[in-house]
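Note: the block below is work-v3.pdb and it holds PDB, C-alpha atoms and all ligand atoms.
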ATOM      1  CA  MET A   1       7.241 -14.543  17.897  1.00  0.00           C
ATOM      2  CA  ASN A   2      10.372 -12.652  16.831  1.00  0.00           C
ATOM      3  CA  PHE A   3      14.056 -13.624  16.838  1.00  0.00           C
ATOM      4  CA  PHE A   4      14.425 -12.838  20.553  1.00  0.00           C
ATOM      5  CA  GLY A   5      11.415 -14.928  21.535  1.00  0.00           C
ATOM      6  CA  LYS A   6       9.315 -11.833  22.308  1.00  0.00           C
ATOM      7  CA  LYS A   7       5.760 -11.680  21.013  1.00  0.00           C
ATOM      8  CA  SER A   8       5.687  -9.372  17.954  1.00  0.00           C
ATOM      9  CA  LEU A   9       3.068  -6.664  17.642  1.00  0.00           C
ATOM     10  CA  THR A  10       0.846  -6.949  14.569  1.00  0.00           C
ATOM     11  CA  LEU A  11      -0.484  -4.427  12.112  1.00  0.00           C
ATOM     12  CA  ASP A  12      -4.183  -5.562  12.070  1.00  0.00           C
ATOM     13  CA  VAL A  13      -5.060  -3.884   8.749  1.00  0.00           C
ATOM     14  CA  ASP A  14      -3.230  -4.031   5.420  1.00  0.00           C
ATOM     15  CA  ILE A  15      -3.983  -1.172   3.016  1.00  0.00           C
ATOM     16  CA  HIS A  16      -1.986  -2.174  -0.075  1.00  0.00           C
ATOM     17  CA  SER A  17      -1.984  -5.503  -1.945  1.00  0.00           C
ATOM     18  CA  HIS A  18      -2.784  -7.137  -5.282  1.00  0.00           C
ATOM     19  CA  LEU A  19      -4.920 -10.102  -4.252  1.00  0.00           C
ATOM     20  CA  ILE A  20      -7.777 -10.089  -6.768  1.00  0.00           C
ATOM     21  CA  PRO A  21      -6.776 -12.821  -9.244  1.00  0.00           C
ATOM     22  CA  ASN A  22      -5.865 -12.099 -12.862  1.00  0.00           C
ATOM     23  CA  ILE A  23      -6.551  -8.380 -13.128  1.00  0.00           C
ATOM     24  CA  ASP A  24      -3.044  -6.981 -12.659  1.00  0.00           C
ATOM     25  CA  ASP A  25       0.511  -8.187 -12.007  1.00  0.00           C
ATOM     26  CA  GLY A  26      -0.519  -9.574  -8.602  1.00  0.00           C
ATOM     27  CA  SER A  27      -2.230 -12.879  -7.852  1.00  0.00           C
ATOM     28  CA  GLN A  28      -2.400 -15.182 -10.861  1.00  0.00           C
ATOM     29  CA  SER A  29      -5.176 -17.471  -9.537  1.00  0.00           C
ATOM     30  CA  MET A  30      -7.814 -17.805  -6.817  1.00  0.00           C
ATOM     31  CA  GLU A  31      -5.643 -20.521  -5.194  1.00  0.00           C
ATOM     32  CA  GLN A  32      -2.694 -18.122  -5.016  1.00  0.00           C
ATOM     33  CA  SER A  33      -4.905 -15.399  -3.496  1.00  0.00           C
ATOM     34  CA  ILE A  34      -6.142 -17.808  -0.831  1.00  0.00           C
ATOM     35  CA  GLU A  35      -2.597 -18.964  -0.051  1.00  0.00           C
ATOM     36  CA  MET A  36      -1.503 -15.333   0.485  1.00  0.00           C
ATOM     37  CA  ILE A  37      -4.585 -14.435   2.535  1.00  0.00           C
ATOM     38  CA  GLU A  38      -4.051 -17.471   4.797  1.00  0.00           C
ATOM     39  CA  SER A  39      -0.496 -16.222   5.397  1.00  0.00           C
ATOM     40  CA  LEU A  40      -1.758 -12.726   6.235  1.00  0.00           C
ATOM     41  CA  ILE A  41      -4.191 -14.239   8.765  1.00  0.00           C
ATOM     42  CA  ARG A  42      -1.289 -16.211  10.290  1.00  0.00           C
ATOM     43  CA  LEU A  43       0.681 -12.942  10.576  1.00  0.00           C
ATOM     44  CA  GLY A  44      -2.152 -11.398  12.608  1.00  0.00           C
ATOM     45  CA  PHE A  45      -3.985  -9.336   9.979  1.00  0.00           C
ATOM     46  CA  ARG A  46      -7.711  -8.986  10.627  1.00  0.00           C
ATOM     47  CA  LYS A  47      -8.632  -6.845   7.638  1.00  0.00           C
ATOM     48  CA  ILE A  48      -7.268  -6.474   4.107  1.00  0.00           C
ATOM     49  CA  ILE A  49      -7.938  -3.524   1.834  1.00  0.00           C
ATOM     50  CA  THR A  50      -6.693  -4.866  -1.476  1.00  0.00           C
ATOM     51  CA  THR A  51      -5.647  -2.358  -4.129  1.00  0.00           C
ATOM     52  CA  PRO A  52      -5.423  -3.596  -7.750  1.00  0.00           C
ATOM     53  CA  HIS A  53      -3.508  -1.359 -10.148  1.00  0.00           C
ATOM     54  CA  ILE A  54      -5.322   1.213 -12.233  1.00  0.00           C
ATOM     55  CA  HIS A  55      -2.396   1.798 -14.571  1.00  0.00           C
ATOM     56  CA  PRO A  56      -1.829   2.120 -18.353  1.00  0.00           C
ATOM     57  CA  ASN A  57      -0.756  -1.575 -18.359  1.00  0.00           C
ATOM     58  CA  TYR A  58      -3.753  -2.631 -16.208  1.00  0.00           C
ATOM     59  CA  PRO A  59      -6.599  -0.257 -17.073  1.00  0.00           C
ATOM     60  CA  ASN A  60      -9.032  -1.699 -14.516  1.00  0.00           C
ATOM     61  CA  HIS A  61     -12.421  -0.071 -14.089  1.00  0.00           C
ATOM     62  CA  PRO A  62     -13.981   0.096 -10.610  1.00  0.00           C
ATOM     63  CA  GLU A  63     -16.695  -2.383 -11.745  1.00  0.00           C
ATOM     64  CA  VAL A  64     -14.045  -4.989 -12.675  1.00  0.00           C
ATOM     65  CA  ILE A  65     -12.349  -4.580  -9.289  1.00  0.00           C
ATOM     66  CA  LEU A  66     -15.606  -4.803  -7.340  1.00  0.00           C
ATOM     67  CA  ALA A  67     -16.757  -7.891  -9.300  1.00  0.00           C
ATOM     68  CA  GLY A  68     -13.376  -9.545  -8.550  1.00  0.00           C
ATOM     69  CA  LEU A  69     -13.731  -8.604  -4.884  1.00  0.00           C
ATOM     70  CA  SER A  70     -17.139 -10.213  -4.703  1.00  0.00           C
ATOM     71  CA  LYS A  71     -15.795 -13.526  -6.139  1.00  0.00           C
ATOM     72  CA  LEU A  72     -12.909 -13.456  -3.649  1.00  0.00           C
ATOM     73  CA  GLN A  73     -15.226 -12.763  -0.714  1.00  0.00           C
ATOM     74  CA  LYS A  74     -17.479 -15.696  -1.725  1.00  0.00           C
ATOM     75  CA  GLU A  75     -14.457 -18.009  -1.816  1.00  0.00           C
ATOM     76  CA  LEU A  76     -13.364 -16.845   1.669  1.00  0.00           C
ATOM     77  CA  ILE A  77     -16.842 -17.580   3.042  1.00  0.00           C
ATOM     78  CA  LYS A  78     -16.826 -21.003   1.355  1.00  0.00           C
ATOM     79  CA  LEU A  79     -13.467 -21.809   2.983  1.00  0.00           C
ATOM     80  CA  ASN A  80     -14.570 -20.363   6.324  1.00  0.00           C
ATOM     81  CA  LEU A  81     -11.601 -17.947   6.458  1.00  0.00           C
ATOM     82  CA  ASP A  82     -12.214 -15.316   9.080  1.00  0.00           C
ATOM     83  CA  ILE A  83     -10.906 -12.049   7.641  1.00  0.00           C
ATOM     84  CA  GLU A  84     -12.561  -8.920   6.322  1.00  0.00           C
ATOM     85  CA  VAL A  85     -11.568  -8.014   2.741  1.00  0.00           C
ATOM     86  CA  GLU A  86     -12.405  -4.732   1.018  1.00  0.00           C
ATOM     87  CA  ALA A  87     -11.100  -3.247  -2.232  1.00  0.00           C
ATOM     88  CA  ALA A  88      -9.851   0.149  -3.341  1.00  0.00           C
ATOM     89  CA  ALA A  89      -7.157   0.693  -6.000  1.00  0.00           C
ATOM     90  CA  GLU A  90      -3.582   1.838  -6.523  1.00  0.00           C
ATOM     91  CA  TYR A  91      -3.839   4.732  -8.978  1.00  0.00           C
ATOM     92  CA  TYR A  92      -0.906   5.538 -11.245  1.00  0.00           C
ATOM     93  CA  VAL A  93      -0.749   9.320 -11.398  1.00  0.00           C
ATOM     94  CA  ASP A  94      -0.787  10.241 -15.084  1.00  0.00           C
ATOM     95  CA  GLN A  95      -2.747  12.821 -17.114  1.00  0.00           C
ATOM     96  CA  GLN A  96      -5.672  10.379 -17.383  1.00  0.00           C
ATOM     97  CA  PHE A  97      -5.906  10.053 -13.608  1.00  0.00           C
ATOM     98  CA  HIS A  98      -5.657  13.831 -13.192  1.00  0.00           C
ATOM     99  CA  GLN A  99      -8.520  14.225 -15.687  1.00  0.00           C
ATOM    100  CA  LYS A 100     -10.640  11.666 -13.775  1.00  0.00           C
ATOM    101  CA  VAL A 101     -10.166  13.753 -10.620  1.00  0.00           C
ATOM    102  CA  LYS A 102     -11.065  16.994 -12.417  1.00  0.00           C
ATOM    103  CA  ASP A 103     -14.151  15.334 -13.964  1.00  0.00           C
ATOM    104  CA  ASN A 104     -15.263  14.040 -10.557  1.00  0.00           C
ATOM    105  CA  ASP A 105     -15.287  10.443 -11.843  1.00  0.00           C
ATOM    106  CA  THR A 106     -15.655   7.559  -9.382  1.00  0.00           C
ATOM    107  CA  ILE A 107     -12.384   7.111  -7.496  1.00  0.00           C
ATOM    108  CA  LEU A 108     -12.035   3.960  -5.375  1.00  0.00           C
ATOM    109  CA  SER A 109     -11.055   4.919  -1.855  1.00  0.00           C
ATOM    110  CA  PHE A 110     -10.751   3.388   1.614  1.00  0.00           C
ATOM    111  CA  GLY A 111     -11.317   4.468   5.205  1.00  0.00           C
ATOM    112  CA  GLY A 112     -13.053   7.787   4.637  1.00  0.00           C
ATOM    113  CA  LYS A 113     -11.925   8.781   1.131  1.00  0.00           C
ATOM    114  CA  HIS A 114      -8.231   7.866   1.321  1.00  0.00           C
ATOM    115  CA  VAL A 115      -6.847   7.278  -2.187  1.00  0.00           C
ATOM    116  CA  LEU A 116      -3.686   5.213  -2.768  1.00  0.00           C
ATOM    117  CA  VAL A 117      -1.523   6.718  -5.532  1.00  0.00           C
ATOM    118  CA  GLU A 118       1.835   5.872  -7.083  1.00  0.00           C
ATOM    119  CA  THR A 119       4.212   7.598  -9.500  1.00  0.00           C
ATOM    120  CA  PRO A 120       6.600   6.029 -12.015  1.00  0.00           C
ATOM    121  CA  PHE A 121       9.740   4.755 -10.261  1.00  0.00           C
ATOM    122  CA  ILE A 122      12.219   6.649 -12.436  1.00  0.00           C
ATOM    123  CA  ASN A 123      10.581  10.033 -13.184  1.00  0.00           C
ATOM    124  CA  LYS A 124       8.329  12.185 -11.080  1.00  0.00           C
ATOM    125  CA  PRO A 125       5.390  13.582 -13.094  1.00  0.00           C
ATOM    126  CA  ALA A 126       5.692  17.388 -13.343  1.00  0.00           C
ATOM    127  CA  PHE A 127       1.982  17.758 -12.554  1.00  0.00           C
ATOM    128  CA  PHE A 128       2.037  15.481  -9.454  1.00  0.00           C
ATOM    129  CA  GLU A 129       1.528  18.273  -6.900  1.00  0.00           C
ATOM    130  CA  SER A 130      -1.238  19.816  -8.973  1.00  0.00           C
ATOM    131  CA  ALA A 131      -2.988  16.392  -9.245  1.00  0.00           C
ATOM    132  CA  MET A 132      -2.709  15.965  -5.446  1.00  0.00           C
ATOM    133  CA  PHE A 133      -4.072  19.465  -4.907  1.00  0.00           C
ATOM    134  CA  ASP A 134      -7.105  18.670  -7.077  1.00  0.00           C
ATOM    135  CA  LEU A 135      -7.553  15.270  -5.395  1.00  0.00           C
ATOM    136  CA  LYS A 136      -7.655  16.983  -2.010  1.00  0.00           C
ATOM    137  CA  ALA A 137     -10.014  19.671  -3.322  1.00  0.00           C
ATOM    138  CA  SER A 138     -12.403  16.881  -4.397  1.00  0.00           C
ATOM    139  CA  GLY A 139     -12.610  15.755  -0.749  1.00  0.00           C
ATOM    140  CA  HIS A 140     -10.064  12.915  -0.893  1.00  0.00           C
ATOM    141  CA  THR A 141      -6.919  12.272   1.166  1.00  0.00           C
ATOM    142  CA  PRO A 142      -3.995  11.146  -1.023  1.00  0.00           C
ATOM    143  CA  VAL A 143      -1.753   8.366   0.281  1.00  0.00           C
ATOM    144  CA  LEU A 144       1.523   7.963  -1.630  1.00  0.00           C
ATOM    145  CA  ALA A 145       2.466   4.278  -1.993  1.00  0.00           C
ATOM    146  CA  HIS A 146       6.056   3.150  -1.286  1.00  0.00           C
ATOM    147  CA  PRO A 147       7.781   6.582  -1.248  1.00  0.00           C
ATOM    148  CA  GLU A 148      10.983   4.826  -0.140  1.00  0.00           C
ATOM    149  CA  ARG A 149      11.274   3.085  -3.528  1.00  0.00           C
ATOM    150  CA  TYR A 150      11.259   6.042  -5.944  1.00  0.00           C
ATOM    151  CA  VAL A 151      14.667   6.221  -7.618  1.00  0.00           C
ATOM    152  CA  TYR A 152      14.207   9.907  -8.581  1.00  0.00           C
ATOM    153  CA  LEU A 153      14.385  10.906  -4.880  1.00  0.00           C
ATOM    154  CA  GLU A 154      18.084   9.961  -4.952  1.00  0.00           C
ATOM    155  CA  GLY A 155      18.011   9.118  -1.248  1.00  0.00           C
ATOM    156  CA  SER A 156      16.614  12.523  -0.181  1.00  0.00           C
ATOM    157  CA  ILE A 157      13.357  12.874   1.739  1.00  0.00           C
ATOM    158  CA  GLU A 158      13.028  16.633   1.208  1.00  0.00           C
ATOM    159  CA  TRP A 159      10.246  16.299  -1.383  1.00  0.00           C
ATOM    160  CA  LEU A 160       8.398  13.862   0.904  1.00  0.00           C
ATOM    161  CA  GLU A 161       8.506  16.483   3.686  1.00  0.00           C
ATOM    162  CA  GLU A 162       6.932  18.990   1.269  1.00  0.00           C
ATOM    163  CA  LEU A 163       4.225  16.456   0.347  1.00  0.00           C
ATOM    164  CA  LYS A 164       3.441  15.827   4.024  1.00  0.00           C
ATOM    165  CA  ASP A 165       3.111  19.606   4.508  1.00  0.00           C
ATOM    166  CA  MET A 166       0.537  19.705   1.693  1.00  0.00           C
ATOM    167  CA  GLY A 167      -1.467  16.875   3.308  1.00  0.00           C
ATOM    168  CA  VAL A 168      -0.281  13.849   1.330  1.00  0.00           C
ATOM    169  CA  LEU A 169       0.023  10.805   3.616  1.00  0.00           C
ATOM    170  CA  LEU A 170       2.820   8.242   3.188  1.00  0.00           C
ATOM    171  CA  GLN A 171       2.583   4.424   3.001  1.00  0.00           C
ATOM    172  CA  VAL A 172       5.867   2.545   3.409  1.00  0.00           C
ATOM    173  CA  THR A 173       6.042  -1.083   2.244  1.00  0.00           C
ATOM    174  CA  LEU A 174       6.915  -3.823   4.748  1.00  0.00           C
ATOM    175  CA  GLY A 175       9.050  -5.700   2.207  1.00  0.00           C
ATOM    176  CA  SER A 176      11.281  -2.605   1.845  1.00  0.00           C
ATOM    177  CA  LEU A 177      11.916  -2.715   5.599  1.00  0.00           C
ATOM    178  CA  GLY A 178      12.646  -6.440   5.292  1.00  0.00           C
ATOM    179  CA  GLY A 179      15.317  -5.754   2.641  1.00  0.00           C
ATOM    180  CA  TYR A 180      13.458  -7.057  -0.449  1.00  0.00           C
ATOM    181  CA  TYR A 181      14.152  -3.969  -2.590  1.00  0.00           C
ATOM    182  CA  GLY A 182      17.781  -3.422  -1.476  1.00  0.00           C
ATOM    183  CA  LYS A 183      19.668  -1.076   0.818  1.00  0.00           C
ATOM    184  CA  VAL A 184      18.373   2.383  -0.200  1.00  0.00           C
ATOM    185  CA  PRO A 185      14.607   1.679   0.186  1.00  0.00           C
ATOM    186  CA  GLU A 186      15.329  -0.009   3.528  1.00  0.00           C
ATOM    187  CA  GLN A 187      17.322   3.017   4.723  1.00  0.00           C
ATOM    188  CA  ILE A 188      14.750   5.575   3.536  1.00  0.00           C
ATOM    189  CA  GLY A 189      11.914   3.513   5.031  1.00  0.00           C
ATOM    190  CA  ASN A 190      13.680   3.391   8.394  1.00  0.00           C
ATOM    191  CA  LEU A 191      14.464   7.117   8.249  1.00  0.00           C
ATOM    192  CA  LEU A 192      10.789   7.920   7.565  1.00  0.00           C
ATOM    193  CA  LEU A 193       9.762   5.724  10.515  1.00  0.00           C
ATOM    194  CA  LYS A 194      12.335   7.354  12.815  1.00  0.00           C
ATOM    195  CA  LYS A 195      11.137  10.831  11.793  1.00  0.00           C
ATOM    196  CA  ASP A 196       7.503   9.772  12.402  1.00  0.00           C
ATOM    197  CA  MET A 197       6.577  10.550   8.776  1.00  0.00           C
ATOM    198  CA  VAL A 198       4.919   7.187   8.055  1.00  0.00           C
ATOM    199  CA  ASP A 199       1.133   7.192   8.185  1.00  0.00           C
ATOM    200  CA  PHE A 200       0.491   3.642   6.979  1.00  0.00           C
ATOM    201  CA  LEU A 201       2.478   0.478   6.434  1.00  0.00           C
ATOM    202  CA  GLY A 202       1.367  -1.870   3.667  1.00  0.00           C
ATOM    203  CA  SER A 203       2.334  -5.269   2.299  1.00  0.00           C
ATOM    204  CA  ASP A 204       2.135  -4.460  -1.451  1.00  0.00           C
ATOM    205  CA  LEU A 205       1.769  -8.251  -1.652  1.00  0.00           C
ATOM    206  CA  HIS A 206       1.778  -9.503  -5.264  1.00  0.00           C
ATOM    207  CA  ARG A 207       3.008 -13.105  -4.983  1.00  0.00           C
ATOM    208  CA  PRO A 208       3.827 -15.709  -2.317  1.00  0.00           C
ATOM    209  CA  SER A 209       7.584 -15.048  -2.655  1.00  0.00           C
ATOM    210  CA  HIS A 210       7.009 -11.616  -1.035  1.00  0.00           C
ATOM    211  CA  LEU A 211       5.746 -13.164   2.209  1.00  0.00           C
ATOM    212  CA  ALA A 212       9.100 -13.918   3.894  1.00  0.00           C
ATOM    213  CA  TYR A 213      10.247 -10.292   3.423  1.00  0.00           C
ATOM    214  CA  LEU A 214       6.901  -9.001   4.597  1.00  0.00           C
ATOM    215  CA  GLU A 215       7.271 -10.988   7.824  1.00  0.00           C
ATOM    216  CA  LYS A 216      10.867  -9.758   8.232  1.00  0.00           C
ATOM    217  CA  GLY A 217       9.652  -6.174   7.750  1.00  0.00           C
ATOM    218  CA  LEU A 218       6.870  -6.641  10.280  1.00  0.00           C
ATOM    219  CA  ASN A 219       9.422  -7.766  12.887  1.00  0.00           C
ATOM    220  CA  ALA A 220      11.940  -5.007  12.041  1.00  0.00           C
ATOM    221  CA  LYS A 221      13.027  -2.804  14.931  1.00  0.00           C
ATOM    222  CA  TYR A 222      11.541   0.526  13.815  1.00  0.00           C
ATOM    223  CA  VAL A 223       8.257  -1.103  12.735  1.00  0.00           C
ATOM    224  CA  GLN A 224       7.816  -2.772  16.118  1.00  0.00           C
ATOM    225  CA  ARG A 225       8.693   0.544  17.812  1.00  0.00           C
ATOM    226  CA  ALA A 226       6.099   2.442  15.731  1.00  0.00           C
ATOM    227  CA  LEU A 227       3.481  -0.199  16.563  1.00  0.00           C
ATOM    228  CA  LYS A 228       4.349  -0.098  20.270  1.00  0.00           C
ATOM    229  CA  GLU A 229       4.090   3.713  20.300  1.00  0.00           C
ATOM    230  CA  ASN A 230       0.831   3.521  18.336  1.00  0.00           C
ATOM    231  CA  ARG A 231       2.109   5.901  15.625  1.00  0.00           C
ATOM    232  CA  LEU A 232       0.491   4.222  12.575  1.00  0.00           C
ATOM    233  CA  LYS A 233      -2.991   4.775  11.217  1.00  0.00           C
ATOM    234  CA  ASN A 234      -3.614   1.193  10.010  1.00  0.00           C
ATOM    235  CA  CYS A 235      -5.438   0.149  13.182  1.00  0.00           C
ATOM    236  CA  LEU A 236      -7.883   3.074  12.820  1.00  0.00           C
ATOM    237  CA  LEU A 237      -9.363   1.278   9.782  1.00  0.00           C
ATOM    238  CA  LEU A 238     -10.627  -1.773  11.706  1.00  0.00           C
TER     239      LEU A 238
HETATM  240 FE    FE A 301       1.193  -1.958  -5.371  1.00  0.00          FE
END
Starting from the coordinates I provided, produce the structure as structure tokens.
Amino acid sequence: MNFFGKKSLTLDVDIHSHLIPNIDDGSQSMEQSIEMIESLIRLGFRKIITTPHIHPNYPNHPEVILAGLSKLQKELIKLNLDIEVEAAAEYYVDQQFHQKVKDNDTILSFGGKHVLVETPFINKPAFFESAMFDLKASGHTPVLAHPERYVYLEGSIEWLEELKDMGVLLQVTLGSLGGYYGKVPEQIGNLLLKKDMVDFLGSDLHRPSHLAYLEKGLNAKYVQRALKENRLKNCLLL
């Protein structure tokens, strides 16, 4: 139920979160993961694709992520929590990632070879477009995480329009639309929604303190409008 007493529309599938305990800067324990997953169920989510970092600070291998997923799934069964949980990853685009793509290494993907990628917040890597080109050539569909939060865009969405033209999809974070990251990400997120440039919304849930902003974002005007007009791809992943 939202502020006006109307029933809010829900997103069904989350494609970005850090819910496998102790492998990145997300959940710090199984108990914390369960607490966050119970909240996602309460908010109407029916499926979670969780995406641990593969980043210089968290150099997770696919085997580590999949082993963590299996432990989490067993715990959900034990607690009789009715939600589907899969895992992919959030890849930090650096030279190492670009090399992995060129070498045809295993890349964790979701929903038909979609790959979630991020850049540093301050500087855009000079080779980003070339890495995306190679990722697409290897049969994957890149999805750029939280484009509204990159400081180097300086409030302009011009580069994001170019990325969309080259086939990079965009995932805006619900917390940005709920005001968690400040005015500029909220404004850019809303602008991208208004211009119908958002392919996916995601929670980017790391810790329980994110949940209130996530819920606020879910009930935000332009999110509810996009859900009503069926303009997001999240539900296609059910
Ligand atoms: Fe993330």
Residues in the PyMOL selection byres (((chain A and resi 89-106) around 8) and not hetatm), expressed as a list in words: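 Checking the PyMOL selection byres (((chain A and resi 89-106) around 8) and not hetatm) against this file, the residues are His16, Thr50, Thr51, Pro52, His53, Ile54, His55, Pro56, Pro62, Ala87, Ala88, Ile107, Leu108, Ser109, Val115, Leu116, Val117, Glu118, Thr119, Pro120, Pro125, Phe128, Ala131, Asp134, Leu135, Ser138 and Ala145 of chain A.
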Target residues per the PyMOL selection byres (((chain A and resi 21-31) around 7) and not hetatm), formatted as a list in words: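 Against this file, the PyMOL selection byres (((chain A and resi 21-31) around 7) and not hetatm) returns the residues His18, Leu19, Ile20, Gln32, Ser33, Ile34, Glu35, Pro52, His53, Tyr58, His206 and Arg207 of chain A.
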Expansion of the PyMOL selection byres (((chain A and resi 181-195) around 10) and not hetatm) into residues, as a PyMOL selection string: chain A and resi 146-151+153-157+160-161+170-180+196-199+201+213+217+220-223+225-226+231-232
Shortest interatomic distance to ligand FE 301 (chain A) - which of A:Ile122, A:Ile49, A:Leu43, A:Val64, counting only C-alpha atoms and all ligand atoms: A:Ile49
Point-to-point distance in Å for atom CA of Lys233 of chain A and atom CA of Glu158 of chain A: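 Between atom CA of Glu158 of chain A and atom CA of Lys233 of chain A the gap is 22.3 Å.
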Residue nearest ligand FE 301 (chain A) among A:Leu76, A:Ile48, A:Leu205, A:Leu66 (counting only C-alpha atoms and all ligand atoms): A:Leu205
Can you sort out the box for segment 19-24 of chain A, edges along x, y and z, all listed atoms in, 6 Å on every side, with centre and edge lengths in Å to one decimal, as AutoDock Vina command-line options?
--center_x -5.4 --center_y -9.9 --center_z -8.7 --size_x 16.7 --size_y 17.8 --size_z 20.9
Best match for closeness to ligand FE 301 (chain A) among A:Leu79, A:Leu144, A:Met132, A:Val168, counting all atoms listed in the file: A:Leu144
Take segment 107-127 of chain A, bring it up to N, CA and C atoms, and give me the output as a compact mmCIF listing (two decimals), in the coordinates of the input.
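See selection01.txt below for the written result:
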# COMPACT_ATOMS: atom_id res chain seq x y z
N ILE A 107 -13.74 7.48 -7.91
CA ILE A 107 -12.38 7.11 -7.50
C ILE A 107 -12.55 6.12 -6.34
N LEU A 108 -11.92 4.95 -6.45
CA LEU A 108 -12.04 3.96 -5.38
C LEU A 108 -11.16 4.39 -4.20
N SER A 109 -11.78 4.44 -3.02
CA SER A 109 -11.06 4.92 -1.86
C SER A 109 -11.29 3.97 -0.68
N PHE A 110 -10.58 4.21 0.41
CA PHE A 110 -10.75 3.39 1.61
C PHE A 110 -10.76 4.29 2.84
N GLY A 111 -11.36 3.78 3.90
CA GLY A 111 -11.32 4.47 5.20
C GLY A 111 -11.59 5.95 5.15
N GLY A 112 -12.73 6.37 4.66
CA GLY A 112 -13.05 7.79 4.64
C GLY A 112 -12.31 8.54 3.55
N LYS A 113 -12.42 8.07 2.32
CA LYS A 113 -11.92 8.78 1.13
C LYS A 113 -10.41 8.90 1.01
N HIS A 114 -9.67 7.92 1.57
CA HIS A 114 -8.23 7.87 1.32
C HIS A 114 -8.00 7.23 -0.05
N VAL A 115 -7.12 7.81 -0.84
CA VAL A 115 -6.85 7.28 -2.19
C VAL A 115 -5.35 6.94 -2.30
N LEU A 116 -5.08 5.66 -2.62
CA LEU A 116 -3.69 5.21 -2.77
C LEU A 116 -3.19 5.57 -4.17
N VAL A 117 -2.07 6.30 -4.23
CA VAL A 117 -1.52 6.72 -5.53
C VAL A 117 -0.05 6.32 -5.62
N GLU A 118 0.40 6.13 -6.86
CA GLU A 118 1.84 5.87 -7.08
C GLU A 118 2.30 6.71 -8.26
N THR A 119 3.63 6.91 -8.34
CA THR A 119 4.21 7.60 -9.50
C THR A 119 5.11 6.59 -10.21
N PRO A 120 5.58 6.91 -11.42
CA PRO A 120 6.60 6.03 -12.02
C PRO A 120 7.81 5.96 -11.07
N PHE A 121 8.60 4.89 -11.17
CA PHE A 121 9.74 4.76 -10.26
C PHE A 121 10.92 5.65 -10.66
N ILE A 122 11.03 5.93 -11.96
CA ILE A 122 12.22 6.65 -12.44
C ILE A 122 12.00 8.17 -12.50
N ASN A 123 10.82 8.59 -13.01
CA ASN A 123 10.58 10.03 -13.18
C ASN A 123 9.35 10.47 -12.42
N LYS A 124 9.48 11.62 -11.79
CA LYS A 124 8.33 12.18 -11.08
C LYS A 124 7.51 13.00 -12.08
N PRO A 125 6.18 12.77 -12.16
CA PRO A 125 5.39 13.58 -13.09
C PRO A 125 5.40 15.06 -12.67
N ALA A 126 5.59 15.95 -13.64
CA ALA A 126 5.69 17.39 -13.34
C ALA A 126 4.40 17.92 -12.71
N PHE A 127 3.28 17.27 -13.03
CA PHE A 127 1.98 17.76 -12.55
C PHE A 127 1.54 17.05 -11.27
